[in-house]
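Okay, so here's the structure we're looking at.
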Amino acid sequence: MKNKPISNTLLQAVKHLNANDWISGDHMGQQLGISRAAVWKLITLLKNYGIKIDSHKAKGYRMTSPLYLLEEEKIREALTINQENLHFELFESMPSTNDYLMQKSTFDSNPTVCACELQEMGKGRLGRTWQSPFGQNIYLSYLWTFQQDFSALMGLSLVVGISVLKALEGIGLKDLKIKWPNDVYCHAKKIAGVLIEIRAESNSATRVVIGTGLNVNMLEAEEINQNWTSCQAELGNPVDRNELISLYLNELTTSLAKFEKEGLTVFMDEWDQFDFLKGQQIVLENQKQLYHGQVMGINESGALLLNTGETVRPFNAGDTSIQKRS
Ligand code: BTN
């Protein structure tokens with residue numbers, strides 16, 4: 001498995017398919033400066049990625065619904081943060097955007113965004129797999145350096161969850177909540193997840209890779225065995241992923257800088273407002289042990305407070321599920 005950069009020819013081919021009802025192989029070839037055989041190869045590639053394209057002997061090719069691929073220029077256009085030192089690396093396919101940034105050797109402390117159209121081995125929390133079909137969702141990792149020791153960064157997960165939620169609010173989604181530590185839910189169905197990995201430490205600086213998977217235009221996924229939704233499923237229309245990425249990067253960058261300066265305290269009220277588990281009876285699995293209790297919220301380090309009946313106990317990690325009433 002290799003990292004494959006987005007090819008400009010593929011990007012242009014998709015634009016032509018979007019702009020035309022039917023387009024002949026000849027015409028597309030002329031527009032792109034490639035042979036008919038090369039056009040056919042591109043169409044086959046897209047079909048293999050799962051994109052629905054009709055073929056007709058006389059008329060050519062037709063895409064059944066529009067597809068907007070990732071474009072750095074479009075993302076940059078809608079950024080309101082300082083982007084001078086912000087690097088982008090966009091790929092057509094790769095094993096995992098988190099793995100890429102974790103392995104990349106970089107000595108400068110500028111933030112880097114890595115996103116792709118398809119992940120072959122998308123990783124979820126707790127060793128799970130993250131479904132990452134071509135062109136449908138956002139698979140994005142952000143390499144960020146804190147000028148702090150990692151011990152000062154408890155609560156980072158929660159701040160990231162809040163940023164994802166606010167970006168989704170920005171495109172009009174309603175009834176959004178965060179399930180501790182950072183799963184974002186819409187109408188009680190999971191819409192986004194975050195996987196944070198620590199990169200390296202030097203001179204008391206901490207590099208983190210913040211990986212975000214956001215279900216955007218996906219409408220079917222048999223492999224997912226939990227209640228899930230996507231932006232398109234909720235809004236009834238496709239969403240431009242470039243626009244949503246800009247919104248998210250604006251929120252995330254502003255929040256990371258604020259968190260570095262002021263800590264989690266300034267996010268507590270927002271957390272309280274978005275807390276999916278507060279007041280719920282849950283089961284928390286931590287290091288193969290199960291803990292039952294009622295969620296009392298979080299403490300100032302972002303740990304989940306669980307009232308087990310005997311005591312209120314803080315948990316820094318764990319997998320939670322709401323207990324069904326019998
Ligand atoms: C979860 O289990 O809820 C976390 C999912 C995180 C998925 C994202 S997609 C981009 C980044 N690259 C990965 O391999 N995983 C994260």
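Residues are referred to by chain and number: the chain letter is A, B, ... according to the order shown in the structure tokens, the number counts from 1 in that chain, and ligands are numbered separately from 1 in the order shown.
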As JSON, numbers by chain, please: every protein or nucleic acid residue near ligand 1 (cut-off 10 Å, counting only C-alpha atoms and all ligand atoms). {"A": [94, 95, 96, 97, 98, 99, 100, 101, 114, 115, 116, 118, 119, 120, 121, 122, 123, 124, 125, 126, 127, 128, 129, 130, 131, 132, 137, 138, 139, 140, 141, 142, 181, 182, 183, 184, 190, 191, 192, 193, 194, 195, 196, 197, 209, 210, 211, 212, 213, 214, 215]}
Contacts between range 145-161 of chain A and range 182-300 of chain A, please, where a residue of range 182-300 of chain A counts if it comes within 6 Å (with only C-alpha atoms); show its shortest atom pair and distance in Å to one decimal, rows by chain and ascending number, as a Markdown table.
```
| residue | atom | partner | partner_atom | distance |
| --- | --- | --- | --- | --- |
| A:Asn182 | CA | A:Gly161 | CA | 4.5 |
| A:Ser204 | CA | A:Asp149 | CA | 5.1 |
| A:Ala205 | CA | A:Gln147 | CA | 4.4 |
| A:Thr206 | CA | A:Phe146 | CA | 5.1 |
| A:Arg207 | CA | A:Thr145 | CA | 4.4 |
```
Selection export as a tab-separated table (two decimals), in the first residue's frame, atoms kept: N, CA and C atoms:
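Saved file selection-v4.tsv follows:
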```tsv
chain	number	residue	atom	x	y	z
A	182	ASN	N	-14.77	12.04	22.81
A	182	ASN	CA	-14.88	12.92	21.64
A	182	ASN	C	-15.66	12.36	20.45
A	204	SER	N	10.52	19.96	26.00
A	204	SER	CA	9.20	20.08	26.63
A	204	SER	C	8.09	20.53	25.67
A	205	ALA	N	8.32	20.30	24.36
A	205	ALA	CA	7.24	20.52	23.39
A	205	ALA	C	6.58	19.17	23.12
A	206	THR	N	5.31	19.19	22.75
A	206	THR	CA	4.62	17.94	22.45
A	206	THR	C	3.97	18.03	21.09
A	207	ARG	N	4.25	17.06	20.25
A	207	ARG	CA	3.61	17.01	18.93
A	207	ARG	C	2.46	16.03	18.98
```
Near range 277-290 of chain A, counting only C-alpha atoms, which residues have an atom at most 8 Å away, once you skip same-chain residues fewer than 6 positions from it, shown as a short mmCIF file (atom, residue, chain, number, x, y, z; two decimals) with all heavy atoms, in the first residue's frame?
```cif
data_model
loop_
_atom_site.label_atom_id
_atom_site.label_comp_id
_atom_site.auth_asym_id
_atom_site.auth_seq_id
_atom_site.Cartn_x
_atom_site.Cartn_y
_atom_site.Cartn_z
N LYS A 179 -20.16 12.43 22.87
CA LYS A 179 -20.09 11.32 23.82
C LYS A 179 -18.64 11.22 24.27
O LYS A 179 -17.75 11.01 23.44
CB LYS A 179 -20.54 10.03 23.13
CG LYS A 179 -20.47 8.79 23.99
CD LYS A 179 -21.21 7.67 23.27
CE LYS A 179 -20.96 6.32 23.89
NZ LYS A 179 -19.77 5.67 23.38
N TRP A 180 -18.41 11.44 25.56
CA TRP A 180 -17.05 11.45 26.11
C TRP A 180 -16.22 10.29 25.59
O TRP A 180 -16.74 9.19 25.54
CB TRP A 180 -17.15 11.39 27.64
CG TRP A 180 -15.83 11.46 28.33
CD1 TRP A 180 -15.17 12.58 28.74
CD2 TRP A 180 -15.02 10.34 28.70
NE1 TRP A 180 -13.98 12.23 29.33
CE2 TRP A 180 -13.86 10.85 29.32
CE3 TRP A 180 -15.12 8.95 28.57
CZ2 TRP A 180 -12.84 10.05 29.82
CZ3 TRP A 180 -14.11 8.14 29.05
CH2 TRP A 180 -12.99 8.69 29.66
N MET A 296 -21.68 12.04 36.04
CA MET A 296 -21.88 13.31 36.74
C MET A 296 -21.26 14.48 35.97
O MET A 296 -21.23 15.60 36.46
CB MET A 296 -21.23 13.26 38.14
CG MET A 296 -21.58 12.04 38.96
SD MET A 296 -23.37 11.85 39.13
CE MET A 296 -23.74 13.20 40.24
N GLY A 297 -20.69 14.20 34.79
CA GLY A 297 -20.01 15.25 34.02
C GLY A 297 -18.53 14.95 33.96
O GLY A 297 -18.12 13.78 34.01
N ALA A 317 -9.71 7.28 30.80
CA ALA A 317 -9.86 6.54 29.54
C ALA A 317 -10.94 5.49 29.71
O ALA A 317 -11.30 5.14 30.83
CB ALA A 317 -8.54 5.87 29.18
N GLY A 318 -11.45 5.02 28.57
CA GLY A 318 -12.44 3.95 28.64
C GLY A 318 -13.44 4.03 27.51
O GLY A 318 -13.53 5.04 26.81
N ASP A 319 -14.18 2.94 27.36
CA ASP A 319 -15.19 2.85 26.32
C ASP A 319 -16.55 2.86 27.04
O ASP A 319 -16.75 2.06 27.95
CB ASP A 319 -14.98 1.53 25.57
CG ASP A 319 -15.67 1.53 24.24
OD1 ASP A 319 -15.94 2.62 23.71
OD2 ASP A 319 -15.96 0.43 23.73
N THR A 320 -17.43 3.73 26.62
CA THR A 320 -18.68 3.85 27.37
C THR A 320 -19.89 3.41 26.53
O THR A 320 -19.90 3.58 25.32
CB THR A 320 -18.94 5.33 27.77
OG1 THR A 320 -18.99 6.10 26.57
CG2 THR A 320 -17.87 5.86 28.68
N SER A 321 -20.88 2.86 27.19
CA SER A 321 -22.16 2.63 26.50
C SER A 321 -23.31 2.89 27.48
O SER A 321 -23.18 2.58 28.68
CB SER A 321 -22.23 1.24 25.91
OG SER A 321 -21.78 0.30 26.84
N ILE A 322 -24.37 3.47 26.93
CA ILE A 322 -25.51 3.80 27.78
C ILE A 322 -26.26 2.51 28.10
O ILE A 322 -26.47 1.67 27.22
CB ILE A 322 -26.43 4.82 27.05
CG1 ILE A 322 -25.67 6.14 26.87
CG2 ILE A 322 -27.73 5.02 27.81
CD1 ILE A 322 -26.42 7.23 26.15
N GLN A 323 -26.64 2.37 29.37
CA GLN A 323 -27.35 1.16 29.78
C GLN A 323 -28.81 1.26 29.39
O GLN A 323 -29.45 2.27 29.71
CB GLN A 323 -27.25 0.99 31.28
CG GLN A 323 -26.34 -0.11 31.65
CD GLN A 323 -26.23 -0.29 33.16
OE1 GLN A 323 -26.51 0.64 33.92
NE2 GLN A 323 -25.85 -1.45 33.57
#
```
Write out as a VMD selection string which residues come within 8 Å of range 23-25 of chain A when counting only C-alpha atoms, dropping same-chain ones fewer than 3 positions away. chain A and resid 16 to 17 20 28 to 29 36 39 to 40 58 to 62
Would you mind listing what lies within 12 Å of Leu42 in chain A as an mmCIF file with N, CA, C and O atoms, in the first residue's frame, with only C-alpha atoms counted and same-chain residues fewer than 2 positions away left out?
```
data_model
loop_
_atom_site.group_PDB
_atom_site.id
_atom_site.type_symbol
_atom_site.label_atom_id
_atom_site.label_comp_id
_atom_site.auth_asym_id
_atom_site.auth_seq_id
_atom_site.Cartn_x
_atom_site.Cartn_y
_atom_site.Cartn_z
ATOM 1 N N SER A 7 -4.245 13.113 -8.440
ATOM 2 C CA SER A 7 -3.723 13.526 -9.743
ATOM 3 C C SER A 7 -4.615 14.615 -10.321
ATOM 4 O O SER A 7 -5.843 14.585 -10.188
ATOM 5 N N ASN A 8 -3.960 15.594 -10.938
ATOM 6 C CA ASN A 8 -4.705 16.715 -11.507
ATOM 7 C C ASN A 8 -5.628 16.243 -12.628
ATOM 8 O O ASN A 8 -6.733 16.747 -12.788
ATOM 9 N N THR A 9 -5.185 15.216 -13.380
ATOM 10 C CA THR A 9 -6.020 14.691 -14.475
ATOM 11 C C THR A 9 -7.313 14.111 -13.917
ATOM 12 O O THR A 9 -8.401 14.329 -14.466
ATOM 13 N N LEU A 10 -7.208 13.376 -12.804
ATOM 14 C CA LEU A 10 -8.414 12.791 -12.207
ATOM 15 C C LEU A 10 -9.361 13.907 -11.743
ATOM 16 O O LEU A 10 -10.562 13.868 -11.963
ATOM 17 N N LEU A 11 -8.761 14.925 -11.118
ATOM 18 C CA LEU A 11 -9.547 16.066 -10.626
ATOM 19 C C LEU A 11 -10.304 16.734 -11.779
ATOM 20 O O LEU A 11 -11.508 17.010 -11.688
ATOM 21 N N GLN A 12 -9.584 16.950 -12.901
ATOM 22 C CA GLN A 12 -10.209 17.605 -14.065
ATOM 23 C C GLN A 12 -11.273 16.706 -14.686
ATOM 24 O O GLN A 12 -12.341 17.168 -15.090
ATOM 25 N N ALA A 13 -10.987 15.401 -14.750
ATOM 26 C CA ALA A 13 -11.954 14.452 -15.328
ATOM 27 C C ALA A 13 -13.262 14.508 -14.532
ATOM 28 O O ALA A 13 -14.356 14.573 -15.114
ATOM 29 N N VAL A 14 -13.144 14.525 -13.215
ATOM 30 C CA VAL A 14 -14.342 14.555 -12.365
ATOM 31 C C VAL A 14 -15.100 15.872 -12.579
ATOM 32 O O VAL A 14 -16.333 15.892 -12.642
ATOM 33 N N LEU A 17 -17.060 15.519 -15.722
ATOM 34 C CA LEU A 17 -18.216 14.640 -15.511
ATOM 35 C C LEU A 17 -19.319 15.396 -14.749
ATOM 36 O O LEU A 17 -20.504 15.244 -15.044
ATOM 37 N N GLY A 25 -16.023 9.947 -24.524
ATOM 38 C CA GLY A 25 -14.621 9.688 -24.216
ATOM 39 C C GLY A 25 -13.704 10.559 -25.064
ATOM 40 O O GLY A 25 -12.700 11.078 -24.574
ATOM 41 N N MET A 28 -13.812 14.236 -23.742
ATOM 42 C CA MET A 28 -13.089 14.353 -22.472
ATOM 43 C C MET A 28 -11.588 14.236 -22.711
ATOM 44 O O MET A 28 -10.797 14.982 -22.128
ATOM 45 N N GLY A 29 -11.210 13.307 -23.581
ATOM 46 C CA GLY A 29 -9.794 13.128 -23.909
ATOM 47 C C GLY A 29 -9.187 14.407 -24.459
ATOM 48 O O GLY A 29 -8.101 14.823 -24.048
ATOM 49 N N LEU A 32 -8.774 17.020 -21.740
ATOM 50 C CA LEU A 32 -7.724 16.715 -20.756
ATOM 51 C C LEU A 32 -6.354 16.503 -21.404
ATOM 52 O O LEU A 32 -5.355 16.359 -20.701
ATOM 53 N N ILE A 34 -5.506 13.848 -23.201
ATOM 54 C CA ILE A 34 -5.098 12.436 -23.060
ATOM 55 C C ILE A 34 -5.876 11.581 -24.080
ATOM 56 O O ILE A 34 -6.870 12.049 -24.656
ATOM 57 N N SER A 35 -5.448 10.341 -24.266
ATOM 58 C CA SER A 35 -6.102 9.470 -25.266
ATOM 59 C C SER A 35 -7.433 8.932 -24.726
ATOM 60 O O SER A 35 -7.688 8.984 -23.516
ATOM 61 N N ARG A 36 -8.233 8.370 -25.632
ATOM 62 C CA ARG A 36 -9.510 7.757 -25.222
ATOM 63 C C ARG A 36 -9.271 6.598 -24.273
ATOM 64 O O ARG A 36 -10.022 6.371 -23.321
ATOM 65 N N ALA A 37 -8.169 5.878 -24.562
ATOM 66 C CA ALA A 37 -7.835 4.733 -23.700
ATOM 67 C C ALA A 37 -7.516 5.205 -22.278
ATOM 68 O O ALA A 37 -7.898 4.577 -21.290
ATOM 69 N N ALA A 38 -6.829 6.370 -22.207
ATOM 70 C CA ALA A 38 -6.486 6.912 -20.883
ATOM 71 C C ALA A 38 -7.757 7.369 -20.155
ATOM 72 O O ALA A 38 -7.872 7.225 -18.925
ATOM 73 N N VAL A 39 -8.715 7.909 -20.935
ATOM 74 C CA VAL A 39 -9.997 8.312 -20.327
ATOM 75 C C VAL A 39 -10.686 7.070 -19.754
ATOM 76 O O VAL A 39 -11.165 7.054 -18.620
ATOM 77 N N TRP A 40 -10.700 6.010 -20.549
ATOM 78 C CA TRP A 40 -11.341 4.769 -20.122
ATOM 79 C C TRP A 40 -10.708 4.259 -18.823
ATOM 80 O O TRP A 40 -11.381 3.803 -17.905
ATOM 81 N N THR A 44 -12.554 3.682 -15.299
ATOM 82 C CA THR A 44 -12.478 2.386 -14.611
ATOM 83 C C THR A 44 -11.975 2.573 -13.180
ATOM 84 O O THR A 44 -12.485 1.954 -12.238
ATOM 85 N N LEU A 45 -10.988 3.454 -13.028
ATOM 86 C CA LEU A 45 -10.453 3.719 -11.686
ATOM 87 C C LEU A 45 -11.563 4.232 -10.775
ATOM 88 O O LEU A 45 -11.763 3.751 -9.654
ATOM 89 N N LEU A 46 -12.330 5.224 -11.285
ATOM 90 C CA LEU A 46 -13.415 5.797 -10.477
ATOM 91 C C LEU A 46 -14.466 4.734 -10.142
ATOM 92 O O LEU A 46 -14.946 4.662 -9.005
ATOM 93 N N LYS A 47 -14.791 3.905 -11.137
ATOM 94 C CA LYS A 47 -15.779 2.834 -10.894
ATOM 95 C C LYS A 47 -15.259 1.868 -9.825
ATOM 96 O O LYS A 47 -16.003 1.442 -8.951
ATOM 97 N N ASN A 48 -13.969 1.549 -9.913
ATOM 98 C CA ASN A 48 -13.387 0.647 -8.901
ATOM 99 C C ASN A 48 -13.403 1.264 -7.509
ATOM 100 O O ASN A 48 -13.417 0.561 -6.510
ATOM 101 N N TYR A 49 -13.381 2.585 -7.462
ATOM 102 C CA TYR A 49 -13.475 3.271 -6.163
ATOM 103 C C TYR A 49 -14.920 3.289 -5.649
ATOM 104 O O TYR A 49 -15.184 3.821 -4.582
ATOM 105 N N ILE A 51 -17.533 4.728 -7.414
ATOM 106 C CA ILE A 51 -18.308 5.853 -7.954
ATOM 107 C C ILE A 51 -19.212 5.330 -9.073
ATOM 108 O O ILE A 51 -18.750 4.596 -9.957
ATOM 109 N N ILE A 53 -20.950 5.361 -12.354
ATOM 110 C CA ILE A 53 -20.853 6.038 -13.654
ATOM 111 C C ILE A 53 -21.553 5.160 -14.698
ATOM 112 O O ILE A 53 -21.244 3.969 -14.815
ATOM 113 N N TYR A 61 -20.060 8.904 -21.124
ATOM 114 C CA TYR A 61 -20.118 8.607 -19.690
ATOM 115 C C TYR A 61 -20.999 9.620 -18.962
ATOM 116 O O TYR A 61 -21.061 10.783 -19.331
#
```
If you run DSSP on the backbone here, which positions in range 135-180 of chain A get alpha helix (DSSP H)? Please write them as a PyMOL selection string. chain A and resi 156-170
d(CA of Asn18 in chain A, CA of Ser65 in chain A) in Å: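 These atoms are spaced 8.0 Å apart.
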